[in-house]
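Written below as structure tokens is the structure these notes are about.
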Amino acid sequence: MYIGNVEINGYAALAPMAGVADRAFRQLCREFGAAYTVTEMVSSKGLEYKSVKTEQLMEISEGERPTGIQLFGSDPLTMAHAAEKAMDYRPEIIDINMGCPAPKVSGNGCGAALMKDPELCGRIVKSVSGAVDVPVTVKIRKGWDDSSVNAVEVAKICEQNGAAAIAVHGRTRAQQYRPPVDRNIIKAVKEAVTIPVIGNGDITTAEEAQSMFEETGCDLVMIGRGALGNPWLFMQIYSWLHDELQIPMPTQTQRLYVMMRHIKQLCEYKGEDIGMREARKHVGWYLKGFKGASALRREANTLKTFGDLEKLLFTIEH
């Protein structure tokens, strides 16, 4: 498939999860078969005030491309300026967040709150599209709540104003991440627009990815929580959909090896102090299903150095 002029080879993309989809994790998922990755959401206001931390979120490794930089904000002009600054990092795509349910984002009129004002959604897309020469995509939800399910309306307005693709998470903002995702709304968006539609929500196996394609007609699936501690999911999806081959879950030893590689790269990019603090949640996800996992996760929450992780690894293996 293509998003604008950007070729996407594969079936599944990594979702732009805040605090998770950093450079190290995006690169790892790409290596395991993710067709496309998107950065953690970047504040347009943070860029306006030249926040170093905000700018670091946009650093892209060559091994992870094609990559989109996701921006959030509510002012069309500020978003356009942010998109211009983001181009310094040479993303293949600029993505606009219109789906984040977090109170600190939607409570400020950004993220999913934008869906309450479809006309503003259109103005933001038009402003950003006019500011950059790469495709602009949008990530939306089913709607704000059950009384305002307007994903189809918002998707059509975004397309009319220059969006090159739409990612749809099949829950309202009020539903957060439960109950099960509504695939009918993703199908309705796909039938309403001519640009590619990316289906997002509740994909944790290759079979679920296949059923998302079959039930919605979407052009690509987007994996979020299903990839936590499980980057090989992308390889399983590719193998199943491309060759009808089932790749089994990796062995415990293989999982630990990937975990160590991931955390080592995380420390290389962010320094050991920050890297190991952020590693704690990842280690917990990798150890899911291990014997004594609860106790291991408690120990993982105290990790301070890479050496501490190596000691934990020794404990697990022996």
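Ordering of the structure tokens sets the chain letters (A, B, ...), residue numbers begin anew at 1 in every chain, and ligands are numbered from 1 in the order given.
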
Please provide as a CSV table (one decimal) with C-alpha atoms, in the first residue's frame all residues within 7 Å of Val125 (chain A), with the sequence filter that same-chain residues fewer than 2 positions apart are discarded (counting only C-alpha atoms).
chain,number,residue,atom,x,y,z
A,121,CYS,CA,-10.1,19.1,12.6
A,122,GLY,CA,-10.3,20.1,8.9
A,123,ARG,CA,-8.6,23.4,9.5
A,127,SER,CA,-2.8,24.0,7.7
A,128,VAL,CA,-0.4,21.1,8.3
A,129,SER,CA,-0.8,19.7,4.8
A,158,CYS,CA,-9.9,15.3,7.0
A,161,ASN,CA,-8.6,18.9,3.6
A,162,GLY,CA,-5.6,16.9,2.5
A,163,ALA,CA,-5.2,13.9,4.7

Using DSSP on the backbone, list every residue of region 50-289 of chain A that comes out as strand (DSSP E), and give them as a VMD selection string. chain A and resid 67 to 72 93 to 98 136 to 143 165 to 172 197 to 200 220 to 223

File of the preceding selection, C-alpha atoms, as a PDB file, in the first residue's frame:
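Done, and the output landed in again_5.pdb:
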ATOM      1  CA  THR A  67       8.576   6.660  10.101  1.00  0.00           C
ATOM      2  CA  GLY A  68       5.956   9.272  10.847  1.00  0.00           C
ATOM      3  CA  ILE A  69       6.273  12.001  13.455  1.00  0.00           C
ATOM      4  CA  GLN A  70       3.035  12.427  15.376  1.00  0.00           C
ATOM      5  CA  LEU A  71       2.077  15.928  16.516  1.00  0.00           C
ATOM      6  CA  PHE A  72      -0.653  17.036  18.883  1.00  0.00           C
ATOM      7  CA  ILE A  93       5.016  11.240   7.105  1.00  0.00           C
ATOM      8  CA  ILE A  94       3.507  13.757   9.534  1.00  0.00           C
ATOM      9  CA  ASP A  95       0.711  12.302  11.662  1.00  0.00           C
ATOM     10  CA  ILE A  96      -1.856  14.332  13.610  1.00  0.00           C
ATOM     11  CA  ASN A  97      -3.168  13.015  16.923  1.00  0.00           C
ATOM     12  CA  MET A  98      -6.938  13.326  17.172  1.00  0.00           C
ATOM     13  CA  VAL A 136      -0.142  14.031   6.356  1.00  0.00           C
ATOM     14  CA  THR A 137      -2.155  11.388   8.182  1.00  0.00           C
ATOM     15  CA  VAL A 138      -4.628  11.526  11.064  1.00  0.00           C
ATOM     16  CA  LYS A 139      -5.310   9.158  13.959  1.00  0.00           C
ATOM     17  CA  ILE A 140      -8.857   9.327  15.297  1.00  0.00           C
ATOM     18  CA  ARG A 141     -11.237   7.396  17.537  1.00  0.00           C
ATOM     19  CA  LYS A 142     -14.834   6.265  17.077  1.00  0.00           C
ATOM     20  CA  GLY A 143     -15.896   9.573  18.605  1.00  0.00           C
ATOM     21  CA  ALA A 165      -4.598   8.265   5.316  1.00  0.00           C
ATOM     22  CA  ILE A 166      -6.744   7.810   8.429  1.00  0.00           C
ATOM     23  CA  ALA A 167      -6.019   5.511  11.366  1.00  0.00           C
ATOM     24  CA  VAL A 168      -9.130   4.587  13.351  1.00  0.00           C
ATOM     25  CA  HIS A 169      -9.176   3.251  16.903  1.00  0.00           C
ATOM     26  CA  GLY A 170     -12.586   1.635  17.275  1.00  0.00           C
ATOM     27  CA  ARG A 171     -13.491   3.026  20.694  1.00  0.00           C
ATOM     28  CA  THR A 172     -14.754   6.388  21.869  1.00  0.00           C
ATOM     29  CA  VAL A 197      -7.614   3.411   6.330  1.00  0.00           C
ATOM     30  CA  ILE A 198      -5.575   1.861   9.144  1.00  0.00           C
ATOM     31  CA  GLY A 199      -7.447  -0.349  11.619  1.00  0.00           C
ATOM     32  CA  ASN A 200      -6.369  -0.079  15.246  1.00  0.00           C
ATOM     33  CA  LEU A 220      -3.105  -1.729   7.190  1.00  0.00           C
ATOM     34  CA  VAL A 221      -3.439  -2.682  10.836  1.00  0.00           C
ATOM     35  CA  MET A 222      -1.832  -0.779  13.696  1.00  0.00           C
ATOM     36  CA  ILE A 223      -0.515  -2.593  16.762  1.00  0.00           C
TER      37      ILE A 223
END

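We find CA of Ile237 (chain A) and CA of Ala21 (chain A) to be spaced 19.0 Å apart.
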
Separation of CA of Val52 (chain A) and CA of Lys85 (chain A), in Å?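 According to the coordinates, CA of Val52 (chain A) and CA of Lys85 (chain A) are separated by 12.7 Å.
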
So that I can check the surroundings of Tyr238 (chain A), please list as JSON, numbers by chain every protein, DNA and RNA residue that reaches within 9 Å of it, counting only C-alpha atoms and ignoring chain neighbours fewer than 3 positions away. {"A": [10, 11, 12, 33, 34, 206, 233, 234, 235, 241, 242, 243, 244, 245]}

Just the residues within 10 Å of Glu215 (chain A), please, counting only C-alpha atoms, with nothing from its chain fewer than 6 positions along; format it as an mmCIF file with N, CA and C atoms, in the first residue's frame.
data_model
loop_
_atom_site.group_PDB
_atom_site.id
_atom_site.type_symbol
_atom_site.label_atom_id
_atom_site.label_comp_id
_atom_site.auth_asym_id
_atom_site.auth_seq_id
_atom_site.Cartn_x
_atom_site.Cartn_y
_atom_site.Cartn_z
ATOM 1 N N ARG A 183 -15.323 -2.833 15.288
ATOM 2 C CA ARG A 183 -14.765 -2.903 13.935
ATOM 3 C C ARG A 183 -15.717 -2.336 12.891
ATOM 4 N N ASN A 184 -16.990 -2.262 13.226
ATOM 5 C CA ASN A 184 -17.965 -1.723 12.274
ATOM 6 C C ASN A 184 -17.681 -0.253 11.958
ATOM 7 N N ILE A 186 -14.737 1.132 11.923
ATOM 8 C CA ILE A 186 -13.568 1.161 11.032
ATOM 9 C C ILE A 186 -14.014 0.839 9.606
ATOM 10 N N LYS A 187 -14.895 -0.140 9.475
ATOM 11 C CA LYS A 187 -15.447 -0.488 8.160
ATOM 12 C C LYS A 187 -16.208 0.686 7.562
#
